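Quick look at input_22.tsv (TSV, C-alpha atoms):
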```tsv
chain	number	residue	atom	x	y	z
A	1	MET	CA	-10.13	8.02	3.12
A	2	VAL	CA	-10.78	10.45	0.28
A	3	LYS	CA	-12.76	13.60	0.89
A	4	GLU	CA	-12.83	16.66	-1.34
A	5	ILE	CA	-15.65	19.18	-1.51
A	6	LEU	CA	-16.14	21.32	-4.59
A	7	THR	CA	-18.37	24.36	-4.77
A	8	LEU	CA	-19.71	24.32	-8.31
A	9	LYS	CA	-21.28	27.46	-9.69
A	10	GLY	CA	-23.16	27.96	-12.93
A	11	GLU	CA	-25.51	30.42	-14.59
A	12	THR	CA	-27.92	30.34	-17.48
A	13	ASP	CA	-27.30	32.38	-20.61
A	14	GLY	CA	-30.61	34.21	-20.08
A	15	SER	CA	-31.92	33.48	-23.56
A	16	SER	CA	-31.95	29.75	-24.34
A	17	ALA	CA	-35.10	27.79	-23.54
A	18	SER	CA	-32.99	25.07	-21.98
A	19	GLY	CA	-29.35	24.16	-21.51
A	20	ASP	CA	-26.66	22.66	-19.35
A	21	PHE	CA	-24.96	24.85	-16.79
A	22	PRO	CA	-21.31	25.62	-17.50
A	23	LEU	CA	-19.62	24.81	-14.21
A	24	TYR	CA	-16.95	26.82	-12.42
A	25	SER	CA	-15.03	26.13	-9.23
A	26	ASP	CA	-11.87	27.34	-7.52
A	27	LEU	CA	-10.22	24.02	-8.43
A	28	ILE	CA	-11.36	23.88	-12.04
A	29	TYR	CA	-8.85	25.43	-14.41
A	30	HIS	CA	-10.30	28.56	-15.96
A	31	ASP	CA	-8.72	30.02	-19.08
A	32	THR	CA	-10.41	33.15	-20.36
A	33	THR	CA	-8.89	32.78	-23.82
A	34	ALA	CA	-10.74	30.93	-26.58
A	35	PRO	CA	-11.27	28.10	-27.33
A	36	TRP	CA	-11.52	27.16	-23.63
A	37	THR	CA	-15.02	26.43	-22.40
A	38	PRO	CA	-16.03	25.39	-18.89
A	39	PRO	CA	-17.19	21.80	-18.38
A	40	THR	CA	-20.91	21.09	-18.40
A	41	ARG	CA	-20.63	17.59	-17.00
A	42	ILE	CA	-18.61	16.00	-14.22
A	43	LEU	CA	-17.02	12.57	-14.55
A	44	ILE	CA	-16.80	10.98	-11.09
A	45	PRO	CA	-13.43	9.38	-10.19
A	46	TYR	CA	-13.46	5.59	-10.42
A	47	GLY	CA	-14.73	3.94	-7.24
A	48	LEU	CA	-15.71	7.18	-5.54
A	49	LYS	CA	-19.10	8.75	-4.92
A	50	ALA	CA	-20.35	12.23	-5.67
A	51	LYS	CA	-22.47	13.46	-2.78
A	52	ILE	CA	-24.48	16.60	-3.44
A	53	TRP	CA	-24.97	18.10	0.00
A	54	ALA	CA	-26.41	21.51	-0.81
A	55	LYS	CA	-28.03	23.52	-3.57
A	56	ARG	CA	-28.47	27.24	-3.79
A	57	ILE	CA	-30.58	28.37	-6.72
A	58	ALA	CA	-31.76	31.78	-7.82
A	59	ALA	CA	-33.58	33.07	-10.88
A	60	GLN	CA	-35.20	36.20	-12.26
A	61	GLY	CA	-38.31	34.19	-13.19
A	62	ALA	CA	-39.84	30.76	-12.96
A	63	THR	CA	-37.13	28.19	-13.72
A	64	ILE	CA	-36.66	24.42	-13.50
A	65	PHE	CA	-33.31	23.11	-12.27
A	66	THR	CA	-32.64	19.42	-12.95
A	67	ILE	CA	-29.70	17.23	-11.95
A	68	TYR	CA	-29.09	14.37	-14.37
A	69	TRP	CA	-26.77	11.41	-14.07
A	70	THR	CA	-25.45	9.04	-16.70
A	71	LYS	CA	-23.75	5.67	-16.83
A	72	ASP	CA	-21.25	6.99	-19.35
A	73	ALA	CA	-20.19	10.60	-19.12
A	74	THR	CA	-17.29	9.85	-21.49
A	75	ALA	CA	-19.68	9.24	-24.39
A	76	THR	CA	-20.14	11.94	-27.00
A	77	SER	CA	-23.90	11.91	-26.39
A	78	PRO	CA	-24.56	10.32	-23.00
A	79	VAL	CA	-27.96	8.95	-22.02
A	80	TRP	CA	-29.07	11.21	-19.17
A	81	GLU	CA	-31.55	10.39	-16.46
A	82	ALA	CA	-33.03	12.94	-14.06
A	83	ILE	CA	-32.19	12.32	-10.43
A	84	ASP	CA	-33.35	15.57	-8.83
A	85	VAL	CA	-35.65	18.40	-9.88
A	86	GLU	CA	-36.14	21.79	-8.24
A	87	VAL	CA	-38.69	24.30	-9.51
A	88	LEU	CA	-38.70	27.99	-8.72
A	89	SER	CA	-42.23	29.10	-9.49
A	90	SER	CA	-41.27	32.77	-9.71
A	91	ALA	CA	-38.30	35.08	-9.32
A	92	GLY	CA	-36.45	34.37	-6.09
A	93	GLU	CA	-33.90	32.18	-4.46
A	94	LEU	CA	-33.80	28.93	-2.55
A	95	ALA	CA	-31.09	27.39	-0.40
A	96	LEU	CA	-31.36	23.69	0.37
A	97	GLU	CA	-29.01	21.80	2.65
A	98	LYS	CA	-29.46	18.08	2.82
A	99	ARG	CA	-29.05	15.89	5.88
A	100	ARG	CA	-28.85	13.01	3.44
A	101	PRO	CA	-27.17	13.91	0.17
A	102	ILE	CA	-27.96	12.98	-3.38
A	103	VAL	CA	-25.46	10.19	-4.07
A	104	ILE	CA	-24.11	9.22	-7.48
A	105	ARG	CA	-21.69	6.28	-7.49
A	106	SER	CA	-18.88	5.62	-9.92
A	107	LEU	CA	-19.06	1.87	-10.36
A	108	THR	CA	-17.29	1.74	-13.72
A	109	GLY	CA	-15.27	4.95	-13.81
A	110	LYS	CA	-17.62	6.42	-16.41
A	111	GLU	CA	-20.56	7.68	-14.34
A	112	GLY	CA	-21.15	11.40	-14.23
A	113	PHE	CA	-23.70	14.14	-13.72
A	114	LYS	CA	-24.75	17.51	-15.05
A	115	VAL	CA	-27.16	20.28	-14.08
A	116	SER	CA	-29.61	21.69	-16.57
A	117	TRP	CA	-32.12	24.48	-16.74
A	118	SER	CA	-35.46	24.80	-18.47
A	119	TYR	CA	-38.61	26.87	-18.03
A	120	PRO	CA	-42.25	26.07	-17.39
A	121	SER	CA	-44.47	26.36	-20.44
A	122	GLY	CA	-44.98	29.95	-21.54
A	123	VAL	CA	-42.23	31.41	-19.41
A	124	THR	CA	-39.70	33.69	-21.10
A	125	PRO	CA	-36.04	32.69	-20.46
A	126	SER	CA	-34.25	34.78	-17.89
A	127	LYS	CA	-31.05	34.64	-15.87
A	128	GLY	CA	-30.75	31.84	-13.34
A	129	TYR	CA	-27.96	30.73	-11.06
A	130	ILE	CA	-27.00	27.58	-9.21
A	131	GLU	CA	-24.38	26.57	-6.69
A	132	LEU	CA	-23.80	23.01	-5.59
A	133	GLU	CA	-21.69	21.65	-2.76
A	134	VAL	CA	-20.39	18.35	-4.09
A	135	GLU	CA	-18.23	15.97	-2.11
A	136	PHE	CA	-16.10	13.33	-3.80
A	137	THR	CA	-15.47	10.56	-1.32
A	138	ASP	CA	-15.00	6.85	-0.79
A	139	GLU	CA	-16.99	6.93	2.44
A	140	GLU	CA	-20.43	5.41	2.79
B	1	MET	CA	4.97	6.84	25.14
B	2	ARG	CA	2.87	6.79	21.99
B	3	GLU	CA	4.67	5.76	18.81
B	4	VAL	CA	3.62	8.92	17.00
B	5	ASP	CA	2.50	12.44	17.82
B	6	GLU	CA	-0.66	14.17	16.60
B	7	LEU	CA	0.91	14.65	13.15
B	8	GLY	CA	1.75	10.98	12.75
B	9	LEU	CA	5.47	11.62	13.23
B	10	VAL	CA	7.77	9.87	15.68
B	11	PRO	CA	8.67	11.88	18.78
B	12	GLU	CA	12.20	12.19	20.10
B	13	GLY	CA	13.30	8.96	21.72
B	14	GLY	CA	10.75	6.92	19.78
B	15	TYR	CA	11.36	4.08	17.36
B	16	LEU	CA	10.68	3.93	13.64
B	17	THR	CA	10.53	0.59	11.84
B	18	ILE	CA	10.67	0.54	8.07
B	19	PHE	CA	9.63	-2.73	6.48
B	20	ILE	CA	10.80	-3.65	2.99
B	21	PRO	CA	8.39	-6.23	1.49
B	22	ALA	CA	10.78	-7.26	-1.29
B	23	THR	CA	13.42	-8.54	1.15
B	24	GLY	CA	11.29	-9.27	4.18
B	25	ASN	CA	13.75	-7.19	6.18
B	26	ALA	CA	13.12	-4.16	8.33
B	27	PHE	CA	15.21	-1.22	9.43
B	28	VAL	CA	14.87	-0.13	13.02
B	29	PHE	CA	15.76	3.44	13.88
B	30	ARG	CA	15.72	5.35	17.12
B	31	VAL	CA	14.86	9.01	16.71
B	32	LYS	CA	17.49	10.98	18.58
B	33	SER	CA	16.18	14.34	17.50
B	34	ARG	CA	13.61	16.05	15.26
B	35	VAL	CA	15.27	19.15	13.96
B	36	ASN	CA	12.11	20.75	12.54
B	37	ARG	CA	9.96	20.20	15.65
B	38	GLY	CA	7.09	22.69	15.58
B	39	PHE	CA	7.59	23.46	11.88
B	40	GLU	CA	6.44	20.28	10.19
B	41	ARG	CA	4.30	21.70	7.38
B	42	ILE	CA	5.40	22.76	3.94
B	43	HIS	CA	2.81	24.29	1.65
B	44	TYR	CA	4.79	23.39	-1.43
B	45	GLY	CA	2.42	24.81	-4.03
B	46	PRO	CA	1.22	23.29	-7.30
B	47	LEU	CA	2.50	20.04	-8.72
B	48	PRO	CA	5.62	20.69	-10.80
B	49	LEU	CA	3.83	20.18	-14.11
B	50	THR	CA	4.95	22.41	-16.94
B	51	ALA	CA	2.50	23.99	-19.39
B	52	GLY	CA	2.61	22.26	-22.75
B	53	LEU	CA	3.62	18.87	-21.37
B	54	SER	CA	1.76	16.05	-23.10
B	55	LEU	CA	0.29	13.38	-20.83
B	56	PRO	CA	-1.41	10.10	-21.74
B	57	SER	CA	-5.18	9.91	-21.20
B	58	TYR	CA	-7.17	7.09	-19.62
B	59	LEU	CA	-9.48	7.48	-22.62
B	60	GLY	CA	-6.67	7.09	-25.16
B	61	GLY	CA	-4.48	9.67	-26.87
B	62	THR	CA	-2.85	12.50	-24.98
B	63	VAL	CA	-3.89	15.75	-23.32
B	64	THR	CA	-1.66	18.79	-22.95
B	65	VAL	CA	-1.06	20.47	-19.59
B	66	PRO	CA	-2.94	23.77	-20.15
B	67	ALA	CA	-1.02	25.80	-17.57
B	68	THR	CA	1.78	25.20	-15.14
B	69	GLY	CA	0.61	23.26	-12.12
B	70	VAL	CA	-2.66	22.15	-13.71
B	71	MET	CA	-3.39	18.43	-13.92
B	72	PRO	CA	-5.26	17.84	-17.17
B	73	ARG	CA	-8.51	15.90	-17.38
B	74	THR	CA	-8.40	12.09	-17.60
B	75	THR	CA	-4.60	11.95	-17.60
B	76	TYR	CA	-1.82	10.33	-15.63
B	77	ILE	CA	1.89	10.89	-15.35
B	78	PRO	CA	3.66	8.07	-17.17
B	79	SER	CA	6.74	6.28	-15.81
B	80	GLU	CA	9.22	8.26	-17.86
B	81	LEU	CA	7.84	11.60	-16.59
B	82	ALA	CA	7.55	10.79	-12.86
B	83	LEU	CA	7.92	13.90	-10.74
B	84	SER	CA	10.36	14.97	-8.07
B	85	PHE	CA	9.86	18.15	-6.11
B	86	PRO	CA	12.38	20.87	-7.03
B	87	PHE	CA	13.48	23.30	-4.36
B	88	SER	CA	16.08	26.02	-4.56
B	89	GLY	CA	19.20	25.68	-2.44
B	90	VAL	CA	18.79	22.09	-1.28
B	91	PHE	CA	21.41	19.36	-1.85
B	92	SER	CA	19.79	18.25	-5.10
B	93	GLU	CA	17.76	21.15	-6.45
B	94	SER	CA	15.65	18.92	-8.68
B	95	ASP	CA	14.62	16.72	-5.73
B	96	MET	CA	14.12	18.33	-2.34
B	97	TRP	CA	13.96	15.00	-0.46
B	98	TYR	CA	17.21	13.59	-1.81
B	99	ILE	CA	20.24	13.48	0.48
B	100	PRO	CA	23.56	11.67	-0.01
B	101	LYS	CA	24.74	8.60	1.88
B	102	ASP	CA	27.17	10.70	3.93
B	103	TRP	CA	24.15	12.27	5.63
B	104	ARG	CA	23.19	8.85	6.97
B	105	GLU	CA	22.22	10.20	10.39
B	106	ARG	CA	19.35	12.10	8.70
B	107	LEU	CA	16.11	10.53	7.60
B	108	PHE	CA	13.06	12.24	6.14
B	109	HIS	CA	9.62	10.97	7.10
B	110	VAL	CA	7.26	12.57	4.60
B	111	ILE	CA	3.47	12.58	4.40
B	112	THR	CA	2.46	13.99	1.02
B	113	GLU	CA	-1.07	15.30	0.54
B	114	VAL	CA	-2.28	16.58	-2.79
B	115	THR	CA	-5.29	18.72	-3.65
B	116	PRO	CA	-7.69	17.73	-5.07
B	117	LYS	CA	-7.77	14.69	-2.85
B	118	TRP	CA	-9.14	12.44	-5.54
B	119	LEU	CA	-5.87	12.51	-7.50
B	120	ARG	CA	-4.24	9.10	-7.72
B	121	ILE	CA	-0.70	8.72	-6.36
B	122	ASP	CA	1.99	6.12	-6.60
B	123	VAL	CA	5.74	6.26	-6.13
B	124	GLN	CA	8.66	4.84	-8.04
B	125	ILE	CA	11.62	3.74	-5.92
B	126	PRO	CA	14.07	4.52	-7.39
B	127	LYS	CA	12.76	6.94	-9.99
B	128	GLY	CA	11.94	5.00	-13.14
B	129	VAL	CA	11.10	1.75	-11.34
B	130	THR	CA	7.39	1.23	-10.72
B	131	GLN	CA	6.82	-0.89	-7.66
B	132	GLY	CA	3.16	-1.90	-7.86
B	133	ARG	CA	2.75	-5.63	-8.46
B	134	PHE	CA	-0.10	-8.15	-8.30
B	135	GLN	CA	0.40	-11.92	-8.18
B	136	ARG	CA	4.21	-11.82	-7.95
B	137	ASP	CA	5.30	-10.05	-11.16
B	138	GLN	CA	2.27	-11.11	-13.15
B	139	VAL	CA	0.65	-7.70	-13.32
B	140	SER	CA	2.03	-4.20	-12.80
B	141	THR	CA	-0.26	-1.80	-10.97
B	142	GLY	CA	-0.30	1.93	-10.35
B	143	VAL	CA	-1.93	5.18	-11.34
B	144	ASP	CA	-2.23	4.02	-14.94
B	145	ARG	CA	-4.16	0.90	-13.91
B	146	VAL	CA	-7.41	0.35	-12.05
B	147	PHE	CA	-5.71	-0.37	-8.72
B	148	GLY	CA	-2.39	-0.16	-6.96
B	149	PHE	CA	-2.47	3.51	-6.07
B	150	ALA	CA	-3.49	5.76	-3.20
B	151	ARG	CA	-5.69	8.82	-3.53
B	152	GLY	CA	-4.69	12.17	-2.12
B	153	ARG	CA	-2.15	11.05	0.47
B	154	ILE	CA	0.93	8.89	0.76
B	155	GLU	CA	3.30	8.33	3.66
B	156	LEU	CA	6.92	7.34	3.10
B	157	VAL	CA	10.42	7.71	4.36
B	158	HIS	CA	12.97	9.03	1.92
B	159	PHE	CA	16.13	6.96	2.20
B	160	PRO	CA	19.41	8.69	1.37
B	161	GLU	CA	21.01	8.04	-2.02
B	162	ILE	CA	17.69	7.25	-3.76
B	163	HIS	CA	15.66	9.58	-5.98
B	164	TYR	CA	11.95	8.78	-5.80
B	165	GLY	CA	9.51	9.40	-8.66
B	166	TYR	CA	5.99	10.52	-7.83
B	167	ARG	CA	3.20	9.80	-10.31
B	168	PHE	CA	-0.30	11.24	-10.23
B	169	GLY	CA	-3.52	10.52	-12.08
B	170	ASN	CA	-6.70	12.54	-12.57
B	171	ASP	CA	-9.64	10.36	-13.59
B	172	THR	CA	-12.19	13.16	-13.79
B	173	ASN	CA	-12.92	15.17	-16.91
B	174	LEU	CA	-11.79	18.37	-15.15
B	175	ASN	CA	-8.55	20.23	-15.67
B	176	VAL	CA	-7.72	21.00	-12.05
B	177	TYR	CA	-5.47	23.37	-10.20
B	178	THR	CA	-3.30	21.36	-7.84
B	179	GLY	CA	-1.61	21.92	-4.51
B	180	VAL	CA	0.84	19.85	-2.50
B	181	ASP	CA	1.29	19.89	1.26
B	182	PHE	CA	4.02	18.01	3.06
B	183	THR	CA	4.00	17.04	6.71
B	184	TYR	CA	7.53	15.94	7.43
B	185	ALA	CA	10.13	15.24	10.06
B	186	GLU	CA	13.85	15.57	9.56
B	187	TYR	CA	15.01	12.96	12.03
B	188	VAL	CA	18.47	12.52	13.44
B	189	ILE	CA	18.55	8.77	13.78
B	190	GLU	CA	20.62	5.84	14.95
B	191	ILE	CA	20.16	2.12	14.68
B	192	PRO	CA	19.82	0.65	18.19
B	193	LYS	CA	22.84	-1.51	19.01
B	194	ASN	CA	21.10	-3.90	21.37
B	195	PRO	CA	20.00	-7.05	19.48
B	196	ASP	CA	17.43	-7.91	22.14
B	197	LEU	CA	15.82	-4.52	21.66
B	198	ILE	CA	15.76	-5.04	17.87
B	199	PHE	CA	14.04	-8.38	18.46
B	200	ASP	CA	11.51	-6.85	20.84
B	201	ILE	CA	10.67	-4.10	18.36
B	202	LEU	CA	10.35	-6.48	15.43
B	203	THR	CA	8.10	-8.80	17.43
B	204	ARG	CA	6.07	-5.74	18.47
B	205	ARG	CA	6.80	-6.10	22.18
B	206	VAL	CA	8.24	-2.59	22.14
B	207	ALA	CA	6.15	0.15	20.59
B	208	SER	CA	7.38	1.55	17.28
B	209	LYS	CA	5.91	3.38	14.34
B	210	TRP	CA	5.87	0.96	11.40
B	211	ILE	CA	5.93	2.04	7.79
B	212	THR	CA	5.80	-0.53	5.03
B	213	MET	CA	7.53	0.89	1.99
B	214	PRO	CA	6.06	0.23	-1.47
B	215	ILE	CA	9.14	-1.73	-2.52
B	216	ALA	CA	8.19	-4.93	-4.31
B	217	ILE	CA	11.21	-4.87	-6.62
B	218	TYR	CA	14.60	-4.87	-4.89
B	219	ASN	CA	16.51	-2.86	-7.43
B	220	ASP	CA	20.36	-2.66	-7.38
B	221	THR	CA	20.08	1.07	-6.66
B	222	ILE	CA	18.12	0.34	-3.48
B	223	LYS	CA	20.50	-2.40	-2.39
B	224	ARG	CA	23.53	-0.17	-2.96
B	225	ALA	CA	21.88	2.75	-1.17
B	226	PHE	CA	21.15	0.60	1.89
B	227	THR	CA	24.58	-1.00	2.10
B	228	GLU	CA	26.51	2.21	1.42
B	229	THR	CA	24.37	4.32	3.74
B	230	TYR	CA	23.69	2.00	6.65
B	231	GLY	CA	26.15	-0.86	6.01
B	232	ILE	CA	23.27	-3.35	6.16
B	233	GLU	CA	20.14	-4.35	4.27
B	234	GLY	CA	17.93	-4.47	7.33
B	235	PHE	CA	17.03	-7.09	9.91
B	236	PRO	CA	15.09	-10.24	9.02
B	237	LEU	CA	11.94	-10.91	11.02
B	238	TYR	CA	11.70	-13.90	13.34
B	239	ARG	CA	8.94	-15.58	15.27
B	240	GLU	CA	8.59	-14.82	18.96
B	241	ASP	CA	9.98	-18.25	19.87
B	242	GLN	CA	13.18	-17.68	17.90
B	243	ARG	CA	14.79	-15.09	20.15
B	244	ALA	CA	18.14	-16.88	20.51
B	245	GLU	CA	18.59	-17.34	16.78
B	246	ALA	CA	17.42	-13.82	16.03
B	247	VAL	CA	19.69	-12.19	18.58
B	248	SER	CA	22.65	-14.11	17.20
B	249	VAL	CA	21.90	-12.99	13.65
B	250	TYR	CA	21.18	-9.42	14.72
B	251	SER	CA	24.48	-9.27	16.62
B	252	GLY	CA	26.30	-10.14	13.42
B	253	ILE	CA	24.37	-7.55	11.42
B	254	LEU	CA	24.95	-4.86	14.03
B	255	ARG	CA	28.72	-5.22	13.62
B	256	GLU	CA	28.29	-3.83	10.07
B	257	VAL	CA	26.05	-0.91	10.98
B	258	LYS	CA	27.34	2.55	10.02
B	259	VAL	CA	24.95	4.76	11.94
```

Just give me the structure of the file as structure tokens.
Amino acid sequence: MVKEILTLKGETDGSSASGDFPLYSDLIYHDTTAPWTPPTRILIPYGLKAKIWAKRIAAQGATIFTIYWTKDATATSPVWEAIDVEVLSSAGELALEKRRPIVIRSLTGKEGFKVSWSYPSGVTPSKGYIELEVEFTDEE
Amino acid sequence: MREVDELGLVPEGGYLTIFIPATGNAFVFRVKSRVNRGFERIHYGPLPLTAGLSLPSYLGGTVTVPATGVMPRTTYIPSELALSFPFSGVFSESDMWYIPKDWRERLFHVITEVTPKWLRIDVQIPKGVTQGRFQRDQVSTGVDRVFGFARGRIELVHFPEIHYGYRFGNDTNLNVYTGVDFTYAEYVIEIPKNPDLIFDILTRRVASKWITMPIAIYNDTIKRAFTETYGIEGFPLYREDQRAEAVSVYSGILREVKV
């Protein structure tokens, strides 16, 4: 039985109208010297599932947080499909714990996901933050 | 008495049966003592991967280990780079689980757990010889293939006189910090000298912890290690209605036993 939970943390750059969260975790290697950049997508190990159990989001203004998945996260330009959307309508924070998680299965070894930000029409970009509790497991 | 304690290790006085698929034989040991009782955990630290090492990628090409102990994204450890676990001061400082044949009364039962738990694991016995096979020798399996590996945890005994090679694989796109934890027992063992007891254990009438070793290829190194360490290559298994034949064969084998 495989079971590993990652706390993924990301923040917006505060200026772009949209983007993918760079993701940090205690298990993800972090080199502060260039040209290292944090990953913005997660490739799920072959045969396992990614279960997103909790989200904590915060922003200084209205912000849209979207989780996307793809059939091929190894592609240079994957085709992404939204699987979960959370909207903060104004500055604030929201903590969501799920009794039933968002599940993304690796059926081919290439499936993956990412988290993106955007803003409602007319809203000026501001800082936003997200934390996800993601479990990689072979359990149902 | 239960075959194992809460850690999955055999208590004093218990039996440990090690089955070798390649020969169809099994070794039966009685645990006389557990010298590290109460101190079974080793937080070993990161995998012994050196910064700058180049590893093959599941996606083709190679990826360099970015820092010591970090398993690079989408890579696996190839056969020629299989790992042992170095430890200062032990008999073989490049391989902490290796002991010589003269220490035949000692046996290490080792449960290896790696963080992150999704990392693939397989083991070469001896080092350099991959053991994963599918359909006889038709297909080799292991961390570099789509099956024939465990994830996160593997349980083995380390026989004297054999260096094992551990291989790992990371099929995410993340460069990950790694950590290894061992739960182990350093047993003082003997092979029971009563052939009826051997028969009862191998027909599962007497409780014993069974471990099936990932040995599909019976290499000369393994054969030599068994014969020079224990004097035997194990006990063949018999049906329950073959007691007389089994006891006769076991009696002959027991005359060669060294421990």

Counting all atoms listed in the file, a student should be able to say which residues of chain A come within 7 Å of chain B; what is the right answer, written as a count of residues only? 11

Pairwise distance, CA of Arg41 (chain B) with CA of Val28 (chain B), equals 24.9 Å

What separation in Å, quoted to one decimal, exists between CA of Ser54 (chain B) and CA of Trp97 (chain B)?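 Rounded to one decimal, the two atoms are 25.7 Å apart.
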
Can you find the residues with an atom no farther than 8 Å from (-43.1, 26.2, -9.4), counting only C-alpha atoms, and report them as a list in words?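 Looking at atoms near the point gives Ala62, Thr63, Ile64, Val87, Leu88, Ser89 and Ser90 of chain A.
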
Considering all atoms listed in the file, return as a PyMOL selection string whatever protein or nucleic-acid residues lie within 8 Å of region 123-129 of chain A, sequence-local ones (same chain, fewer than 2 positions apart) excluded. chain A and resi 9-17+57-63+119-121+131

Quick one, how far is CA of Asp241 (chain B) from CA of Asn25 (chain B)?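 Between CA of Asp241 (chain B) and CA of Asn25 (chain B) the gap works out to 18.0 Å.
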
When you look at region 189-203 of chain B with a cut-off of 7 Å (counting all atoms listed in the file), what residues show up, excluding the ones that are within fewer than 5 positions of it in the same chain? I need them as an MDAnalysis selection string. chainID B and resid 28:32 105:107 208 237 240 243 246:247 250:251 254 259

List every protein, DNA or RNA residue with an atom no more than 9 Å from (15.6, 12.7, 1.0) in the file's coordinates, counting only C-alpha atoms, and format the result as a PyMOL selection string. chain B and resi 95-100+106-109+157-164

Residues at most 10 Å from Glu133 (chain A), counting all atoms listed in the file, excluding those fewer than 3 positions away in the same chain, as a PDB file with C-alpha atoms, keeping the file's coordinate frame?
```
ATOM      1  CA  ILE A   5     -15.650  19.180  -1.510  1.00  0.00           C
ATOM      2  CA  LEU A   6     -16.140  21.320  -4.590  1.00  0.00           C
ATOM      3  CA  THR A   7     -18.370  24.360  -4.770  1.00  0.00           C
ATOM      4  CA  LEU A   8     -19.710  24.320  -8.310  1.00  0.00           C
ATOM      5  CA  LYS A   9     -21.280  27.460  -9.690  1.00  0.00           C
ATOM      6  CA  ALA A  50     -20.350  12.230  -5.670  1.00  0.00           C
ATOM      7  CA  LYS A  51     -22.470  13.460  -2.780  1.00  0.00           C
ATOM      8  CA  ILE A  52     -24.480  16.600  -3.440  1.00  0.00           C
ATOM      9  CA  TRP A  53     -24.970  18.100   0.000  1.00  0.00           C
ATOM     10  CA  ALA A  54     -26.410  21.510  -0.810  1.00  0.00           C
ATOM     11  CA  LYS A  55     -28.030  23.520  -3.570  1.00  0.00           C
ATOM     12  CA  ARG A  56     -28.470  27.240  -3.790  1.00  0.00           C
ATOM     13  CA  GLU A  97     -29.010  21.800   2.650  1.00  0.00           C
ATOM     14  CA  PRO A 101     -27.170  13.910   0.170  1.00  0.00           C
TER      15      PRO A 101
END
```

Thr137 (chain A) proximity check over A:Lys98, A:Lys71, A:His30, A:Lys49, using only C-alpha atoms: winner is A:Lys49
